[in-house]
Amino acid sequence: MEYSITLSKLFNIKEEYAQNIITLLDEGNTIPFIARYRKEMHGSMDDQLIREFSEKLEYLRGLDKRREEIRELINGQEKLTDEISAALDKAQTLSELEDIYRPFRPKRKTRASVAKERGLEPLAAEILKQEESFTPLEYAEQFVSAEKEVLTAQDAINGAMDIIAEQLSDSAEIRKKLRSICHISGVLKSVAADKDKDSVYTNYYDFSEPVRKIAGHRILAVNRGEKEGFLKVSIELDSEYPLSIINSSIDKNTNSLCSEIIKTAGEDAYTRLIFPSIEREIRSEMTDTASENAMKVFATNLKQLLMQPPVKGKTVLGLDPGYRTGCKVAVVDDTGKVLDTAVIYPTHSEIKIAQSKKKLLEFIRKHNVDIISIGNGTASKETEMFAADAIKEADHKVYYMVVSEAGASVYSASKLAATELPELDLTLRSAVSIARRLQDPLAELVKIEPKAIGVGQYQHDMPQKRLGETLDGVVEDCVNSVGADLNTASPALLLRVSGLNASVCKNIVAYREDNGAFNSRAELKKVPKLGPKAFEQCAGFLRVPESRNPLDNTGVHPESYSVAKELLKLAGYTDSEIKSAKFGDLPARVKKPGAKSLSEKLGIGLPTFNDIVKELAKPGRDPRDEMPKPMLRSDVLDINDLKEGMELSGTVRNVIDFGAFIDIGVHQDGLVHISQICDKFIKHPSQVLKVGDIVKVKVLSVDVKKNRISLTMRTK
């Protein structure tokens, strides 16, 4: 297969670009490196698109590998014909290939194989000829044999029908047509396994929707309901049209007796063999598609969460709420260093509450705490109310923010946490993580398996390996788009940097400990096992603010340093100005001669030129700084305070297929249904909202008993 041609059409890019990406990937270049530093070779495709390209390339190569395996298997049976070989070449999907291979696949014992063992194949062949003078029942008499357990002529006919049914079932052409019909006309239906048994799946106790229209989240919901034993799920399809296709494929209508046998065999093939198989395939395809779409939503939410702007230069007090075991407290300075820890009991007796408030105010005063970060787990609401009340008595203005504590317990029990915070009890490590994830969400959340962060739907129902790969790709893209400080990055953060593996990351940290801070990117070459290829892939994503070379604190790749310096000279900067590393007016200086003209003079592509200008204008630039700042609070609301029509500000916590959950400061997130997000029709909430957005909402309804809040963003 000409992969470059196929992929160029699929991704609507030049064939030259497709071939370049294939070559770059095959040479061992990472996706972040290709996306950032080889833009001219692929037309500035982003990392996500290149990742999809890479996955599709892998699929096509796997398809070709399976194609050749099947060809060899059929050839090994000495049954490969030019027609079969051509059909294999033409097949575009794995299911088409498997349909072609089906007649040749070694089968378990079937009714047809038993009939063949009884010598009934010649009878089936004669029936299929449908000659006008042929009388099936008379001809079948010669196959009667007590020894072979064919006791009557009708038994022989029945066995022949089993053989014909399996032949029809093995027809790739029939299966292709019926699969298409099922996609177009099939209906997914679910009913209650027990109508009297209440569950969260009551909406699906009598549910049906066309296969071609059903939303992904409903597919995943009925799948889970079926798995948990609350639902019975099936695909329904009117059999009249499928049966006519089966019959017309083989029935010549020249012998009514044979036609009747073939028609009966066709019905048996459809109901016993073909439809159950296609139903399983269609449901599997539906689940795969729904899972892929859900993973994309999960990936989008995760990216937006990881790219939340850091709260820089602030001392943060982290609170990990709890009832019986108390609330764990950790104060960290603006670099994330732990200053103090404690356990308080704000949900216990009045005496304990007073002691807890005293300790909290003591920490605020002692460490000049700016913000309190509160985990959103058990006892979060009570802890939030306690903190909001306590900070009123603080000697300076203190804000708080409720953050997701998803994965904090996973981190606190990990080897990484034990290495980073060996002196702290496991429970106190969670409080440190909650504080740090407000300071720098990306740096802290990379320490946790992405699946544990919890910003998706039905994540436990998805293929876990595929989900892990998808989310790992998101984390990798985020880390490399932001960059990492070579002298402060944790091993977990370094591991996500393009071109670095666990062994090299360990060596980088060891080098730092033995030799002190890195003074330049070039010094990376001294790290054991970090060879030229690894340096090429990682150098542009690692920052060294302490370096004498200002370019070491930018996203300019070392391979472009000479070009960057030449650009500065062309822009009129003197040597002393270049040493000062202040190039804020560079975009204005290059405007007059023009970017195109200067890029041609420097011998580089326009995308690379523009990237260099952007990086030089803002050394140490953090793309997250351009995102909306997190919403900090100083007071608390209760769900009982909410009234219909009340207008509030909130933070988007999760975006799902049917809407978005908004944190409006009452512990229980409110739901904005997709129909209430905006005044115009949208296909998916992600078209308008993303995790971390600060939005204005109006309360539609409140159900205090069920803890449900309905919100709207519509203005009409």
# chains A, B, ... in the order shown; residues from 1 in each chain; ligands from 1
>>> closest_atom_pairs(of="range 285-323 of chain A", to="range 475-496 of chain A", cutoff="7 Å", atoms="only C-alpha atoms", output="Markdown table")
| residue | atom | partner | partner_atom | distance |
| --- | --- | --- | --- | --- |
| A:Lys303 | CA | A:Cys478 | CA | 6.7 |
| A:Leu306 | CA | A:Cys478 | CA | 7.0 |
| A:Met307 | CA | A:Cys478 | CA | 6.8 |
>>> write_last_selection(atoms="N, CA, C and O atoms", output="CSV table (one decimal), in the first residue's frame")
chain,number,residue,atom,x,y,z
A,303,LYS,N,-6.3,17.8,28.7
A,303,LYS,CA,-5.3,18.8,28.2
A,303,LYS,C,-5.7,20.2,28.8
A,303,LYS,O,-4.8,20.9,29.3
A,306,LEU,N,-4.6,20.2,32.5
A,306,LEU,CA,-3.2,20.3,32.7
A,306,LEU,C,-2.6,21.7,32.3
A,306,LEU,O,-1.6,22.1,32.8
A,307,MET,N,-3.3,22.3,31.3
A,307,MET,CA,-2.9,23.6,30.9
A,307,MET,C,-3.5,24.8,31.6
A,307,MET,O,-3.4,25.9,31.2
>>> residues_around(residues="range 94-97 of chain A", least_positions_apart="4", cutoff="7 Å", atoms="only C-alpha atoms", output="list of chain:residue names")
A:Leu63, A:Arg67, A:Leu88, A:Tyr101
>>> select_by_dssp(residues="range 554-668 of chain A", states="strand (DSSP E or B)", output="ChimeraX atom specification")
/A:633,647-656,659-663
>>> write_last_selection(atoms="N, CA, C and O atoms", output="PDB file, in the first residue's frame")
ATOM      1  N   ARG A 633     -12.005  32.195  45.729  1.00  0.00           N
ATOM      2  CA  ARG A 633     -13.177  32.597  46.516  1.00  0.00           C
ATOM      3  C   ARG A 633     -12.755  33.018  47.922  1.00  0.00           C
ATOM      4  O   ARG A 633     -11.699  32.619  48.419  1.00  0.00           O
ATOM      5  N   GLU A 647     -28.101  34.345  39.531  1.00  0.00           N
ATOM      6  CA  GLU A 647     -26.964  34.388  38.606  1.00  0.00           C
ATOM      7  C   GLU A 647     -25.665  34.246  39.381  1.00  0.00           C
ATOM      8  O   GLU A 647     -25.471  34.887  40.412  1.00  0.00           O
ATOM      9  N   LEU A 648     -24.782  33.393  38.874  1.00  0.00           N
ATOM     10  CA  LEU A 648     -23.531  33.097  39.570  1.00  0.00           C
ATOM     11  C   LEU A 648     -22.383  32.961  38.568  1.00  0.00           C
ATOM     12  O   LEU A 648     -22.611  32.746  37.375  1.00  0.00           O
ATOM     13  N   SER A 649     -21.162  33.040  39.079  1.00  0.00           N
ATOM     14  CA  SER A 649     -19.982  32.718  38.277  1.00  0.00           C
ATOM     15  C   SER A 649     -19.514  31.330  38.698  1.00  0.00           C
ATOM     16  O   SER A 649     -19.605  30.970  39.874  1.00  0.00           O
ATOM     17  N   GLY A 650     -19.030  30.560  37.742  1.00  0.00           N
ATOM     18  CA  GLY A 650     -18.556  29.215  38.063  1.00  0.00           C
ATOM     19  C   GLY A 650     -17.409  28.790  37.180  1.00  0.00           C
ATOM     20  O   GLY A 650     -17.098  29.449  36.177  1.00  0.00           O
ATOM     21  N   THR A 651     -16.790  27.687  37.565  1.00  0.00           N
ATOM     22  CA  THR A 651     -15.661  27.142  36.812  1.00  0.00           C
ATOM     23  C   THR A 651     -16.068  25.808  36.200  1.00  0.00           C
ATOM     24  O   THR A 651     -16.614  24.949  36.892  1.00  0.00           O
ATOM     25  N   VAL A 652     -15.792  25.625  34.916  1.00  0.00           N
ATOM     26  CA  VAL A 652     -16.111  24.367  34.238  1.00  0.00           C
ATOM     27  C   VAL A 652     -15.176  23.278  34.764  1.00  0.00           C
ATOM     28  O   VAL A 652     -13.956  23.402  34.658  1.00  0.00           O
ATOM     29  N   ARG A 653     -15.759  22.221  35.334  1.00  0.00           N
ATOM     30  CA  ARG A 653     -14.961  21.137  35.902  1.00  0.00           C
ATOM     31  C   ARG A 653     -14.853  19.932  34.971  1.00  0.00           C
ATOM     32  O   ARG A 653     -13.863  19.215  34.983  1.00  0.00           O
ATOM     33  N   ASN A 654     -15.915  19.678  34.199  1.00  0.00           N
ATOM     34  CA  ASN A 654     -15.900  18.509  33.317  1.00  0.00           C
ATOM     35  C   ASN A 654     -16.834  18.768  32.147  1.00  0.00           C
ATOM     36  O   ASN A 654     -17.925  19.308  32.331  1.00  0.00           O
ATOM     37  N   VAL A 655     -16.387  18.425  30.955  1.00  0.00           N
ATOM     38  CA  VAL A 655     -17.206  18.558  29.752  1.00  0.00           C
ATOM     39  C   VAL A 655     -17.497  17.155  29.239  1.00  0.00           C
ATOM     40  O   VAL A 655     -16.579  16.363  29.023  1.00  0.00           O
ATOM     41  N   ILE A 656     -18.778  16.843  29.070  1.00  0.00           N
ATOM     42  CA  ILE A 656     -19.179  15.509  28.630  1.00  0.00           C
ATOM     43  C   ILE A 656     -20.100  15.630  27.424  1.00  0.00           C
ATOM     44  O   ILE A 656     -20.437  16.744  27.004  1.00  0.00           O
ATOM     45  N   GLY A 659     -23.435  17.668  28.149  1.00  0.00           N
ATOM     46  CA  GLY A 659     -23.401  18.943  28.849  1.00  0.00           C
ATOM     47  C   GLY A 659     -22.080  19.191  29.544  1.00  0.00           C
ATOM     48  O   GLY A 659     -21.042  18.664  29.143  1.00  0.00           O
ATOM     49  N   ALA A 660     -22.127  19.997  30.599  1.00  0.00           N
ATOM     50  CA  ALA A 660     -20.909  20.315  31.353  1.00  0.00           C
ATOM     51  C   ALA A 660     -21.257  20.509  32.821  1.00  0.00           C
ATOM     52  O   ALA A 660     -22.345  21.009  33.156  1.00  0.00           O
ATOM     53  N   PHE A 661     -20.340  20.103  33.696  1.00  0.00           N
ATOM     54  CA  PHE A 661     -20.521  20.304  35.124  1.00  0.00           C
ATOM     55  C   PHE A 661     -19.753  21.555  35.555  1.00  0.00           C
ATOM     56  O   PHE A 661     -18.567  21.725  35.225  1.00  0.00           O
ATOM     57  N   ILE A 662     -20.457  22.427  36.281  1.00  0.00           N
ATOM     58  CA  ILE A 662     -19.910  23.728  36.675  1.00  0.00           C
ATOM     59  C   ILE A 662     -19.800  23.811  38.188  1.00  0.00           C
ATOM     60  O   ILE A 662     -20.777  23.547  38.910  1.00  0.00           O
ATOM     61  N   ASP A 663     -18.631  24.189  38.682  1.00  0.00           N
ATOM     62  CA  ASP A 663     -18.425  24.431  40.110  1.00  0.00           C
ATOM     63  C   ASP A 663     -18.883  25.854  40.410  1.00  0.00           C
ATOM     64  O   ASP A 663     -18.265  26.819  39.950  1.00  0.00           O
TER      65      ASP A 663
END
>>> closest_residue(among="A:Pro276, A:Gly375, A:Pro450, A:Pro619", to="Ser430 in chain A", atoms="only C-alpha atoms")
A:Gly375
>>> closest_atom_pairs(of="range 346-389 of chain A", to="range 434-448 of chain A", cutoff="12 Å", atoms="only C-alpha atoms", output="JSON lines")
{"residue": "A:Val369", "atom": "CA", "partner": "A:Ala435", "partner_atom": "CA", "distance": 11.3}
{"residue": "A:Asp370", "atom": "CA", "partner": "A:Gln439", "partner_atom": "CA", "distance": 11.2}
{"residue": "A:Ile371", "atom": "CA", "partner": "A:Ala435", "partner_atom": "CA", "distance": 9.0}
{"residue": "A:Ile372", "atom": "CA", "partner": "A:Ala435", "partner_atom": "CA", "distance": 7.6}
{"residue": "A:Ser373", "atom": "CA", "partner": "A:Ala435", "partner_atom": "CA", "distance": 5.4}
{"residue": "A:Ile374", "atom": "CA", "partner": "A:Ile434", "partner_atom": "CA", "distance": 7.0}
{"residue": "A:Gly375", "atom": "CA", "partner": "A:Ile434", "partner_atom": "CA", "distance": 6.3}
{"residue": "A:Asn376", "atom": "CA", "partner": "A:Ile434", "partner_atom": "CA", "distance": 9.7}
{"residue": "A:Gly377", "atom": "CA", "partner": "A:Ile434", "partner_atom": "CA", "distance": 11.1}
>>> write_last_selection(atoms="N, CA, C and O atoms", output="CSV table (one decimal), in the first residue's frame")
chain,number,residue,atom,x,y,z
A,369,VAL,N,0.5,33.0,54.3
A,369,VAL,CA,-0.2,32.2,53.3
A,369,VAL,C,-1.1,33.1,52.5
A,369,VAL,O,-1.8,34.0,53.0
A,370,ASP,N,-1.1,32.9,51.2
A,370,ASP,CA,-1.9,33.7,50.2
A,370,ASP,C,-3.2,33.0,49.9
A,370,ASP,O,-4.3,33.7,49.8
A,371,ILE,N,-3.2,31.7,49.7
A,371,ILE,CA,-4.3,31.0,49.2
A,371,ILE,C,-4.4,29.6,49.9
A,371,ILE,O,-3.4,29.0,50.2
A,372,ILE,N,-5.7,29.2,50.1
A,372,ILE,CA,-5.9,27.9,50.7
A,372,ILE,C,-6.5,27.0,49.5
A,372,ILE,O,-7.4,27.4,48.8
A,373,SER,N,-5.9,25.8,49.3
A,373,SER,CA,-6.3,24.9,48.3
A,373,SER,C,-7.0,23.7,49.0
A,373,SER,O,-6.4,23.0,49.8
A,374,ILE,N,-8.3,23.5,48.7
A,374,ILE,CA,-9.1,22.5,49.4
A,374,ILE,C,-9.5,21.4,48.5
A,374,ILE,O,-10.0,21.6,47.4
A,375,GLY,N,-9.2,20.2,48.9
A,375,GLY,CA,-9.6,19.0,48.1
A,375,GLY,C,-11.1,18.8,48.1
A,375,GLY,O,-11.8,19.1,49.0
A,376,ASN,N,-11.6,18.3,47.0
A,376,ASN,CA,-13.1,18.2,46.8
A,376,ASN,C,-13.7,16.9,47.2
A,376,ASN,O,-14.8,16.5,46.8
A,377,GLY,N,-13.0,16.1,48.0
A,377,GLY,CA,-13.5,14.8,48.4
A,377,GLY,C,-14.4,14.8,49.6
A,377,GLY,O,-15.0,15.8,49.9
